[in-house]
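Q: Handing over structure.cif, mmCIF, N, CA and C atoms and all ligand atoms.
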```
data_run
#
loop_
_atom_site.label_atom_id
_atom_site.label_comp_id
_atom_site.auth_asym_id
_atom_site.auth_seq_id
_atom_site.Cartn_x
_atom_site.Cartn_y
_atom_site.Cartn_z
N MET K 1 0.85 -1.18 0.00
CA MET K 1 0.00 0.00 0.00
C MET K 1 0.88 1.23 0.00
N ASN K 2 0.30 2.33 -0.46
CA ASN K 2 1.02 3.59 -0.44
C ASN K 2 0.51 4.44 0.71
N VAL K 3 1.43 5.07 1.41
CA VAL K 3 1.04 5.95 2.52
C VAL K 3 1.85 7.24 2.44
N THR K 4 1.20 8.32 2.80
CA THR K 4 1.86 9.63 2.79
C THR K 4 1.77 10.23 4.18
N TRP K 5 2.91 10.71 4.68
CA TRP K 5 2.94 11.45 5.94
C TRP K 5 3.21 12.92 5.62
N LYS K 6 2.30 13.77 6.01
CA LYS K 6 2.52 15.22 5.83
C LYS K 6 3.25 15.74 7.06
N LEU K 7 4.30 16.46 6.85
CA LEU K 7 5.16 16.90 7.95
C LEU K 7 4.73 18.28 8.45
N PRO K 8 4.88 18.52 9.75
CA PRO K 8 4.38 19.78 10.33
C PRO K 8 5.09 21.02 9.80
N GLU K 9 6.34 20.86 9.39
CA GLU K 9 7.06 22.03 8.87
C GLU K 9 6.92 22.16 7.36
N GLY K 10 5.97 21.40 6.79
CA GLY K 10 5.77 21.43 5.34
C GLY K 10 6.49 20.24 4.72
N GLY K 11 6.09 19.89 3.54
CA GLY K 11 6.68 18.73 2.87
C GLY K 11 5.99 17.45 3.31
N GLU K 12 6.32 16.40 2.63
CA GLU K 12 5.70 15.12 2.94
C GLU K 12 6.61 13.98 2.51
N ILE K 13 6.35 12.83 3.10
CA ILE K 13 7.07 11.62 2.73
C ILE K 13 6.04 10.60 2.27
N SER K 14 6.23 10.06 1.08
CA SER K 14 5.35 9.01 0.58
C SER K 14 6.16 7.74 0.41
N ALA K 15 5.55 6.61 0.72
CA ALA K 15 6.28 5.36 0.58
C ALA K 15 5.32 4.23 0.27
N GLU K 16 5.86 3.25 -0.40
CA GLU K 16 5.15 1.99 -0.64
C GLU K 16 5.53 1.08 0.51
N VAL K 17 4.57 0.60 1.26
CA VAL K 17 4.91 -0.24 2.41
C VAL K 17 4.18 -1.58 2.31
N ALA K 18 4.80 -2.59 2.90
CA ALA K 18 4.22 -3.94 2.87
C ALA K 18 2.96 -3.97 3.73
N ASN K 19 2.05 -4.84 3.39
CA ASN K 19 0.85 -5.03 4.22
C ASN K 19 1.21 -5.84 5.45
N GLY K 20 0.46 -5.63 6.53
CA GLY K 20 0.66 -6.41 7.74
C GLY K 20 1.65 -5.82 8.71
N LEU K 21 2.18 -4.64 8.40
CA LEU K 21 3.01 -3.91 9.35
C LEU K 21 2.10 -3.00 10.15
N THR K 22 2.64 -2.30 11.12
CA THR K 22 1.86 -1.21 11.69
C THR K 22 2.34 0.07 11.02
N LEU K 23 1.53 1.09 11.10
CA LEU K 23 1.92 2.37 10.48
C LEU K 23 3.05 3.03 11.26
N MET K 24 3.24 2.67 12.52
CA MET K 24 4.43 3.13 13.26
C MET K 24 5.67 2.48 12.65
N GLU K 25 5.63 1.17 12.43
CA GLU K 25 6.79 0.47 11.84
C GLU K 25 7.10 1.04 10.46
N ALA K 26 6.06 1.31 9.71
CA ALA K 26 6.25 1.86 8.36
C ALA K 26 6.89 3.25 8.43
N ALA K 27 6.49 4.04 9.41
CA ALA K 27 7.05 5.39 9.57
C ALA K 27 8.52 5.31 9.96
N VAL K 28 8.84 4.44 10.91
CA VAL K 28 10.23 4.31 11.37
C VAL K 28 11.10 3.81 10.21
N ALA K 29 10.60 2.85 9.45
CA ALA K 29 11.36 2.29 8.32
C ALA K 29 11.62 3.35 7.25
N ASN K 30 10.77 4.37 7.19
CA ASN K 30 10.91 5.41 6.17
C ASN K 30 11.43 6.72 6.75
N ASP K 31 11.98 6.65 7.97
CA ASP K 31 12.60 7.82 8.61
C ASP K 31 11.68 9.03 8.66
N VAL K 32 10.42 8.78 9.01
CA VAL K 32 9.49 9.91 9.14
C VAL K 32 9.78 10.63 10.46
N PRO K 33 10.23 11.88 10.40
CA PRO K 33 10.55 12.57 11.65
C PRO K 33 9.30 12.81 12.49
N GLY K 34 9.43 12.62 13.78
CA GLY K 34 8.31 12.89 14.68
C GLY K 34 7.47 11.66 15.01
N VAL K 35 7.69 10.56 14.32
CA VAL K 35 7.02 9.30 14.66
C VAL K 35 8.12 8.36 15.17
N ILE K 36 8.15 8.16 16.47
CA ILE K 36 9.33 7.53 17.08
C ILE K 36 9.08 6.06 17.41
N GLY K 37 7.97 5.76 18.03
CA GLY K 37 7.68 4.35 18.33
C GLY K 37 8.58 3.76 19.40
N GLU K 38 8.83 4.55 20.43
CA GLU K 38 9.78 4.18 21.48
C GLU K 38 9.49 2.82 22.13
N CYS K 39 8.23 2.51 22.33
CA CYS K 39 7.91 1.26 23.06
C CYS K 39 7.81 0.06 22.13
N GLY K 40 8.03 0.28 20.84
CA GLY K 40 7.99 -0.84 19.91
C GLY K 40 6.58 -1.27 19.54
N GLY K 41 5.61 -0.50 19.97
CA GLY K 41 4.23 -0.81 19.55
C GLY K 41 3.39 -1.45 20.64
N CYS K 42 3.86 -1.39 21.90
CA CYS K 42 3.09 -2.07 22.96
C CYS K 42 2.19 -1.10 23.73
N LEU K 43 1.91 0.03 23.11
CA LEU K 43 0.93 0.98 23.67
C LEU K 43 1.34 1.55 25.02
N SER K 44 2.63 1.88 25.16
CA SER K 44 3.03 2.47 26.44
C SER K 44 3.84 3.75 26.30
N CYS K 45 4.00 4.27 25.07
CA CYS K 45 4.85 5.47 24.94
C CYS K 45 4.13 6.67 24.32
N ALA K 46 3.17 6.44 23.46
CA ALA K 46 2.43 7.52 22.78
C ALA K 46 3.32 8.37 21.87
N THR K 47 4.50 7.86 21.48
CA THR K 47 5.38 8.62 20.59
C THR K 47 5.13 8.30 19.11
N CYS K 48 4.08 7.57 18.84
CA CYS K 48 3.76 7.22 17.45
C CYS K 48 2.48 7.95 17.00
N HIS K 49 2.17 9.03 17.71
CA HIS K 49 0.94 9.81 17.46
C HIS K 49 0.92 10.41 16.05
N VAL K 50 -0.21 10.26 15.39
CA VAL K 50 -0.44 10.91 14.09
C VAL K 50 -1.89 11.38 14.03
N TYR K 51 -2.15 12.27 13.10
CA TYR K 51 -3.53 12.64 12.76
C TYR K 51 -3.89 11.94 11.45
N VAL K 52 -5.08 11.35 11.42
CA VAL K 52 -5.56 10.72 10.19
C VAL K 52 -6.26 11.79 9.36
N ASP K 53 -5.86 11.89 8.10
CA ASP K 53 -6.45 12.87 7.19
C ASP K 53 -7.97 12.69 7.14
N GLU K 54 -8.67 13.80 7.08
CA GLU K 54 -10.13 13.80 7.20
C GLU K 54 -10.84 12.75 6.34
N GLY K 55 -10.44 12.63 5.10
CA GLY K 55 -11.10 11.71 4.17
C GLY K 55 -10.91 10.24 4.51
N TRP K 56 -10.01 9.96 5.43
CA TRP K 56 -9.67 8.56 5.75
C TRP K 56 -10.20 8.13 7.11
N ARG K 57 -10.77 9.03 7.86
CA ARG K 57 -11.10 8.72 9.26
C ARG K 57 -12.10 7.58 9.41
N ASP K 58 -13.11 7.53 8.55
CA ASP K 58 -14.11 6.46 8.66
C ASP K 58 -13.48 5.10 8.39
N LYS K 59 -12.64 5.07 7.39
CA LYS K 59 -11.99 3.81 7.01
C LYS K 59 -11.04 3.32 8.09
N VAL K 60 -10.29 4.24 8.66
CA VAL K 60 -9.29 3.86 9.67
C VAL K 60 -9.98 3.55 11.01
N GLY K 61 -11.00 4.29 11.32
CA GLY K 61 -11.73 4.05 12.57
C GLY K 61 -11.10 4.79 13.75
N GLY K 62 -11.73 4.64 14.89
CA GLY K 62 -11.26 5.34 16.08
C GLY K 62 -10.37 4.47 16.95
N PRO K 63 -9.86 5.04 18.01
CA PRO K 63 -8.95 4.31 18.89
C PRO K 63 -9.68 3.28 19.76
N GLY K 64 -8.96 2.25 20.13
CA GLY K 64 -9.47 1.29 21.11
C GLY K 64 -9.40 1.90 22.51
N GLU K 65 -9.85 1.14 23.50
CA GLU K 65 -9.98 1.67 24.86
C GLU K 65 -8.63 2.08 25.47
N THR K 66 -7.66 1.20 25.40
CA THR K 66 -6.33 1.50 25.98
C THR K 66 -5.66 2.61 25.19
N GLU K 67 -5.80 2.55 23.88
CA GLU K 67 -5.23 3.60 23.04
C GLU K 67 -5.83 4.96 23.40
N ASP K 68 -7.11 4.96 23.66
CA ASP K 68 -7.80 6.20 24.02
C ASP K 68 -7.18 6.82 25.28
N VAL K 69 -6.86 5.99 26.25
CA VAL K 69 -6.23 6.48 27.48
C VAL K 69 -4.84 7.02 27.17
N MET K 70 -4.09 6.28 26.34
CA MET K 70 -2.73 6.71 26.00
C MET K 70 -2.72 8.00 25.19
N LEU K 71 -3.77 8.21 24.43
CA LEU K 71 -3.82 9.43 23.59
C LEU K 71 -3.85 10.70 24.44
N ASP K 72 -4.22 10.56 25.71
CA ASP K 72 -4.18 11.73 26.59
C ASP K 72 -2.75 12.10 26.95
N MET K 73 -1.80 11.26 26.60
CA MET K 73 -0.40 11.52 26.98
C MET K 73 0.47 11.94 25.80
N VAL K 74 -0.13 12.20 24.66
CA VAL K 74 0.70 12.57 23.51
C VAL K 74 1.33 13.94 23.72
N ALA K 75 2.50 14.12 23.08
CA ALA K 75 3.24 15.37 23.24
C ALA K 75 2.54 16.53 22.50
N GLY K 76 2.02 16.26 21.33
CA GLY K 76 1.33 17.30 20.58
C GLY K 76 -0.11 17.45 21.06
N GLU K 77 -0.88 18.20 20.30
CA GLU K 77 -2.28 18.40 20.68
C GLU K 77 -3.12 17.19 20.26
N ARG K 78 -3.96 16.69 21.15
CA ARG K 78 -4.88 15.61 20.80
C ARG K 78 -6.11 16.20 20.12
N THR K 79 -6.53 15.61 19.00
CA THR K 79 -7.74 16.06 18.32
C THR K 79 -8.58 14.82 17.98
N ASP K 80 -9.72 15.04 17.36
CA ASP K 80 -10.58 13.93 16.92
C ASP K 80 -9.89 13.05 15.88
N ALA K 81 -8.86 13.60 15.25
CA ALA K 81 -8.15 12.86 14.21
C ALA K 81 -6.99 12.05 14.78
N SER K 82 -6.76 12.15 16.08
CA SER K 82 -5.57 11.52 16.69
C SER K 82 -5.69 10.00 16.74
N ARG K 83 -4.62 9.33 16.35
CA ARG K 83 -4.48 7.89 16.56
C ARG K 83 -3.02 7.60 16.90
N LEU K 84 -2.82 6.48 17.57
CA LEU K 84 -1.46 5.98 17.77
C LEU K 84 -1.18 5.01 16.62
N SER K 85 -0.16 5.34 15.83
CA SER K 85 -0.02 4.62 14.56
C SER K 85 0.48 3.18 14.74
N CYS K 86 0.92 2.81 15.94
CA CYS K 86 1.28 1.40 16.15
C CYS K 86 0.03 0.53 16.26
N GLN K 87 -1.13 1.17 16.32
CA GLN K 87 -2.37 0.42 16.46
C GLN K 87 -3.15 0.35 15.15
N ILE K 88 -2.54 0.80 14.07
CA ILE K 88 -3.19 0.74 12.76
C ILE K 88 -2.34 -0.15 11.86
N GLU K 89 -2.95 -1.18 11.30
CA GLU K 89 -2.21 -2.11 10.46
C GLU K 89 -2.30 -1.69 9.00
N THR K 90 -1.19 -1.85 8.30
CA THR K 90 -1.19 -1.55 6.87
C THR K 90 -1.94 -2.64 6.12
N SER K 91 -2.72 -2.22 5.14
CA SER K 91 -3.45 -3.20 4.31
C SER K 91 -3.86 -2.51 3.01
N GLU K 92 -4.18 -3.31 2.02
CA GLU K 92 -4.59 -2.74 0.73
C GLU K 92 -5.82 -1.84 0.88
N ALA K 93 -6.65 -2.13 1.88
CA ALA K 93 -7.85 -1.33 2.10
C ALA K 93 -7.49 0.12 2.43
N LEU K 94 -6.25 0.33 2.90
CA LEU K 94 -5.83 1.69 3.27
C LEU K 94 -4.86 2.27 2.23
N ASP K 95 -4.82 1.67 1.05
CA ASP K 95 -3.92 2.16 0.01
C ASP K 95 -4.21 3.62 -0.31
N GLY K 96 -3.19 4.46 -0.23
CA GLY K 96 -3.36 5.89 -0.50
C GLY K 96 -3.56 6.72 0.76
N LEU K 97 -3.50 6.07 1.91
CA LEU K 97 -3.73 6.73 3.20
C LEU K 97 -2.84 7.96 3.39
N VAL K 98 -3.42 8.99 3.98
CA VAL K 98 -2.67 10.22 4.28
C VAL K 98 -2.72 10.44 5.79
N LEU K 99 -1.55 10.58 6.39
CA LEU K 99 -1.42 10.86 7.82
C LEU K 99 -0.71 12.19 7.98
N ILE K 100 -1.02 12.87 9.05
CA ILE K 100 -0.38 14.15 9.33
C ILE K 100 0.42 14.01 10.61
N VAL K 101 1.68 14.36 10.56
CA VAL K 101 2.53 14.26 11.74
C VAL K 101 2.30 15.51 12.61
N PRO K 102 1.97 15.30 13.89
CA PRO K 102 1.69 16.45 14.75
C PRO K 102 2.92 17.32 14.99
N ALA K 103 2.69 18.61 15.17
CA ALA K 103 3.75 19.50 15.62
C ALA K 103 3.86 19.34 17.13
N VAL K 104 5.07 19.33 17.64
CA VAL K 104 5.22 19.21 19.10
C VAL K 104 5.99 20.40 19.66
FE1 LIG E 201 4.49 3.18 21.73
FE2 LIG E 201 2.68 3.32 19.74
S1 LIG E 201 4.79 2.85 19.60
S2 LIG E 201 2.38 3.61 21.85
#
```
Kindly return the structure encoded in the file as structure tokens.
Ligand code: FES

A:
Amino acid sequence: MNVTWKLPEGGEISAEVANGLTLMEAAVANDVPGVIGECGGCLSCATCHVYVDEGWRDKVGGPGETEDVMLDMVAGERTDASRLSCQIETSEALDGLVLIVPAV
């Protein structure tokens, strides 16, 4: 699938990523600044915070219960578009996905 991360200082990174990864892993593999993934995806660091582009929110869905609690700890501003990207799996259904990296 193809995914694009829009960067807070302008510019964007687009990459073709394998299915079955998490979007945190995909971001780290593509050196997306601001998506760190410190805990490796076990929902304990909140450093993989992204905003899901408006047109994709229904498809991606909202956060789970534990993720929702962790989203209160993100460094940037939490909004309705906030997700922890280690909790979103890459798949063909999300081909073309656009994520926005929060400013911190
Ligand atoms: Fe730590 Fe997502 S990588 S919460």

Q: Residues within 6.5 Å of ligand LIG 201 (chain E), counting all atoms listed in the file: report them as a JSON list (two decimals) with N, CA and C atoms, in the frame of the given file.

A:
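The resulting pocket35.json:
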```json
[["chain", "number", "residue", "atom", "x", "y", "z"],
["K", 24, "MET", "N", 3.24, 2.67, 12.52],
["K", 24, "MET", "CA", 4.43, 3.13, 13.26],
["K", 24, "MET", "C", 5.67, 2.48, 12.65],
["K", 36, "ILE", "N", 8.15, 8.16, 16.47],
["K", 36, "ILE", "CA", 9.33, 7.53, 17.08],
["K", 36, "ILE", "C", 9.08, 6.06, 17.41],
["K", 37, "GLY", "N", 7.97, 5.76, 18.03],
["K", 37, "GLY", "CA", 7.68, 4.35, 18.33],
["K", 37, "GLY", "C", 8.58, 3.76, 19.40],
["K", 38, "GLU", "N", 8.83, 4.55, 20.43],
["K", 38, "GLU", "CA", 9.78, 4.18, 21.48],
["K", 38, "GLU", "C", 9.49, 2.82, 22.13],
["K", 39, "CYS", "N", 8.23, 2.51, 22.33],
["K", 39, "CYS", "CA", 7.91, 1.26, 23.06],
["K", 39, "CYS", "C", 7.81, 0.06, 22.13],
["K", 40, "GLY", "N", 8.03, 0.28, 20.84],
["K", 40, "GLY", "CA", 7.99, -0.84, 19.91],
["K", 40, "GLY", "C", 6.58, -1.27, 19.54],
["K", 41, "GLY", "N", 5.61, -0.50, 19.97],
["K", 41, "GLY", "CA", 4.23, -0.81, 19.55],
["K", 41, "GLY", "C", 3.39, -1.45, 20.64],
["K", 42, "CYS", "N", 3.86, -1.39, 21.90],
["K", 42, "CYS", "CA", 3.09, -2.07, 22.96],
["K", 42, "CYS", "C", 2.19, -1.10, 23.73],
["K", 43, "LEU", "N", 1.91, 0.03, 23.11],
["K", 43, "LEU", "CA", 0.93, 0.98, 23.67],
["K", 43, "LEU", "C", 1.34, 1.55, 25.02],
["K", 44, "SER", "N", 2.63, 1.88, 25.16],
["K", 44, "SER", "CA", 3.03, 2.47, 26.44],
["K", 44, "SER", "C", 3.84, 3.75, 26.30],
["K", 45, "CYS", "N", 4.00, 4.27, 25.07],
["K", 45, "CYS", "CA", 4.85, 5.47, 24.94],
["K", 45, "CYS", "C", 4.13, 6.67, 24.32],
["K", 46, "ALA", "N", 3.17, 6.44, 23.46],
["K", 46, "ALA", "CA", 2.43, 7.52, 22.78],
["K", 46, "ALA", "C", 3.32, 8.37, 21.87],
["K", 47, "THR", "N", 4.50, 7.86, 21.48],
["K", 47, "THR", "CA", 5.38, 8.62, 20.59],
["K", 47, "THR", "C", 5.13, 8.30, 19.11],
["K", 48, "CYS", "N", 4.08, 7.57, 18.84],
["K", 48, "CYS", "CA", 3.76, 7.22, 17.45],
["K", 48, "CYS", "C", 2.48, 7.95, 17.00],
["K", 49, "HIS", "N", 2.17, 9.03, 17.71],
["K", 49, "HIS", "CA", 0.94, 9.81, 17.46],
["K", 49, "HIS", "C", 0.92, 10.41, 16.05],
["K", 84, "LEU", "N", -2.82, 6.48, 17.57],
["K", 84, "LEU", "CA", -1.46, 5.98, 17.77],
["K", 84, "LEU", "C", -1.18, 5.01, 16.62],
["K", 85, "SER", "N", -0.16, 5.34, 15.83],
["K", 85, "SER", "CA", -0.02, 4.62, 14.56],
["K", 85, "SER", "C", 0.48, 3.18, 14.74],
["K", 86, "CYS", "N", 0.92, 2.81, 15.94],
["K", 86, "CYS", "CA", 1.28, 1.40, 16.15],
["K", 86, "CYS", "C", 0.03, 0.53, 16.26],
["K", 87, "GLN", "N", -1.13, 1.17, 16.32],
["K", 87, "GLN", "CA", -2.37, 0.42, 16.46],
["K", 87, "GLN", "C", -3.15, 0.35, 15.15]]
```

Q: So which one's closest to Arg83 of chain K, K:Val52, K:Glu65, K:Gly34, K:Ala103? Using only N, CA and C atoms, please.

A: K:Val52

Q: Among chain K, which residues does DSSP mark as alpha helix (DSSP H) when it is run on the backbone? Keep the chain and numbering as in the structure and answer as a PDB file with N, CA and C atoms, in the coordinates of the input.

A:
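Wrote it out as part.pdb, contents follow:
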```
ATOM      1  N   LEU K  23       1.530   1.090  11.100  1.00  0.00           N
ATOM      2  CA  LEU K  23       1.920   2.370  10.480  1.00  0.00           C
ATOM      3  C   LEU K  23       3.050   3.030  11.260  1.00  0.00           C
ATOM      4  N   MET K  24       3.240   2.670  12.520  1.00  0.00           N
ATOM      5  CA  MET K  24       4.430   3.130  13.260  1.00  0.00           C
ATOM      6  C   MET K  24       5.670   2.480  12.650  1.00  0.00           C
ATOM      7  N   GLU K  25       5.630   1.170  12.430  1.00  0.00           N
ATOM      8  CA  GLU K  25       6.790   0.470  11.840  1.00  0.00           C
ATOM      9  C   GLU K  25       7.100   1.040  10.460  1.00  0.00           C
ATOM     10  N   ALA K  26       6.060   1.310   9.710  1.00  0.00           N
ATOM     11  CA  ALA K  26       6.250   1.860   8.360  1.00  0.00           C
ATOM     12  C   ALA K  26       6.890   3.250   8.430  1.00  0.00           C
ATOM     13  N   ALA K  27       6.490   4.040   9.410  1.00  0.00           N
ATOM     14  CA  ALA K  27       7.050   5.390   9.570  1.00  0.00           C
ATOM     15  C   ALA K  27       8.520   5.310   9.960  1.00  0.00           C
ATOM     16  N   VAL K  28       8.840   4.440  10.910  1.00  0.00           N
ATOM     17  CA  VAL K  28      10.230   4.310  11.370  1.00  0.00           C
ATOM     18  C   VAL K  28      11.100   3.810  10.210  1.00  0.00           C
ATOM     19  N   ALA K  29      10.600   2.850   9.450  1.00  0.00           N
ATOM     20  CA  ALA K  29      11.360   2.290   8.320  1.00  0.00           C
ATOM     21  C   ALA K  29      11.620   3.350   7.250  1.00  0.00           C
ATOM     22  N   ARG K  57     -10.770   9.030   7.860  1.00  0.00           N
ATOM     23  CA  ARG K  57     -11.100   8.720   9.260  1.00  0.00           C
ATOM     24  C   ARG K  57     -12.100   7.580   9.410  1.00  0.00           C
ATOM     25  N   ASP K  58     -13.110   7.530   8.550  1.00  0.00           N
ATOM     26  CA  ASP K  58     -14.110   6.460   8.660  1.00  0.00           C
ATOM     27  C   ASP K  58     -13.480   5.100   8.390  1.00  0.00           C
ATOM     28  N   LYS K  59     -12.640   5.070   7.390  1.00  0.00           N
ATOM     29  CA  LYS K  59     -11.990   3.810   7.010  1.00  0.00           C
ATOM     30  C   LYS K  59     -11.040   3.320   8.090  1.00  0.00           C
ATOM     31  N   VAL K  60     -10.290   4.240   8.660  1.00  0.00           N
ATOM     32  CA  VAL K  60      -9.290   3.860   9.670  1.00  0.00           C
ATOM     33  C   VAL K  60      -9.980   3.550  11.010  1.00  0.00           C
ATOM     34  N   GLU K  65      -9.850   1.140  23.500  1.00  0.00           N
ATOM     35  CA  GLU K  65      -9.980   1.670  24.860  1.00  0.00           C
ATOM     36  C   GLU K  65      -8.630   2.080  25.470  1.00  0.00           C
ATOM     37  N   THR K  66      -7.660   1.200  25.400  1.00  0.00           N
ATOM     38  CA  THR K  66      -6.330   1.500  25.980  1.00  0.00           C
ATOM     39  C   THR K  66      -5.660   2.610  25.190  1.00  0.00           C
ATOM     40  N   GLU K  67      -5.800   2.550  23.880  1.00  0.00           N
ATOM     41  CA  GLU K  67      -5.230   3.600  23.040  1.00  0.00           C
ATOM     42  C   GLU K  67      -5.830   4.960  23.400  1.00  0.00           C
ATOM     43  N   ASP K  68      -7.110   4.960  23.660  1.00  0.00           N
ATOM     44  CA  ASP K  68      -7.800   6.200  24.020  1.00  0.00           C
ATOM     45  C   ASP K  68      -7.180   6.820  25.280  1.00  0.00           C
ATOM     46  N   VAL K  69      -6.860   5.990  26.250  1.00  0.00           N
ATOM     47  CA  VAL K  69      -6.230   6.480  27.480  1.00  0.00           C
ATOM     48  C   VAL K  69      -4.840   7.020  27.170  1.00  0.00           C
ATOM     49  N   MET K  70      -4.090   6.280  26.340  1.00  0.00           N
ATOM     50  CA  MET K  70      -2.730   6.710  26.000  1.00  0.00           C
ATOM     51  C   MET K  70      -2.720   8.000  25.190  1.00  0.00           C
TER      52      MET K  70
END
```

Q: Can you list every residue in chain K that DSSP puts in strand (DSSP E or B), as a ChimeraX atom specification?

A: /K:2-6,12-16,22,49-52,82-84,89,97-100

Q: Neighbours of Leu99 of chain K within 7 Å (only N, CA and C atoms; same-chain residues fewer than 5 positions away dropped), as a list in words?

A: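 Once the nearby chain positions are removed, what remains is Val3, Thr4, Trp5, Lys6, Leu7, Val50, Tyr51, Val52 and Asp53 of chain K.
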
Q: What's the separation between atom C of Leu21 of chain K and atom CA of Lys59 of chain K, in Å to one decimal place?

A: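 Computing it gives 16.0 Å between the two atoms.
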
Q: Measure the distance from atom CA of Asp80 of chain K to atom C of Pro63 of chain K in Å and round it to one decimal.

A: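 Spanning atom CA of Asp80 of chain K to atom C of Pro63 of chain K is a straight-line distance of 11.1 Å.
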
Q: Between K:Glu16, K:Glu25, K:Asp31, K:Glu9, which one has atoms that come closest to Ile100 of chain K, using only C-alpha atoms?

A: K:Glu9

Q: Neighbouring residues of Glu77 of chain K were defined as those with any atom within 10 Å, considering only C-alpha atoms; residues of the same chain fewer than 2 positions away were excluded. Please report them as a ChimeraX atom specification.

A: /K:49,51,71-75,79,82,102-104

Q: In Å to one decimal, how far is atom CA of Asp58 of chain K from atom CA of Asn19 of chain K?

A: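 Going from atom CA of Asn19 of chain K over to atom CA of Asp58 of chain K covers 19.4 Å.
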
Q: Select, from K:Gly55, K:Gly11, K:Gly61, K:Gly96, the residue with the minimum atom-to-atom distance to Pro33 of chain K, counting only C-alpha atoms.

A: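 Looking only at the distances to Pro33 of chain K, the closest residue turns out to be K:Gly11.
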
Q: For each of K:Val60, K:Asp68, K:Val32, K:Ile88, take the minimum atom-to-atom distance to Gly20 of chain K, counting only N, CA and C atoms, then give the residue where this is smallest.

A: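 Among K:Val60, K:Asp68, K:Val32, K:Ile88, it is K:Ile88 that comes nearest to Gly20 of chain K.
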
Q: Rank K:Trp56, K:Ala81, K:Ala27, K:Thr22 by their smallest atom-to-atom distance to Leu94 of chain K, using only C-alpha atoms, and report the top residue only.

A: K:Trp56

Q: Edge lengths and centre in Å to one decimal, as lines of an AutoDock Vina configuration file, is what I'm after for the box along x, y and z that holds all listed atoms of segment 6-10 of chain K once 3 Å is added on each side.

A:
```
center_x = 4.7
center_y = 18.0
center_z = 7.5
size_x = 10.8
size_y = 14.4
size_z = 11.6
```

Q: Restricting the calculation to all atoms listed in the file, which member of K:Val28, K:Val17, K:Leu23, K:Val98 is positioned closest to Glu54 of chain K?

A: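 Of all the options, K:Val98 lies closest to Glu54 of chain K.
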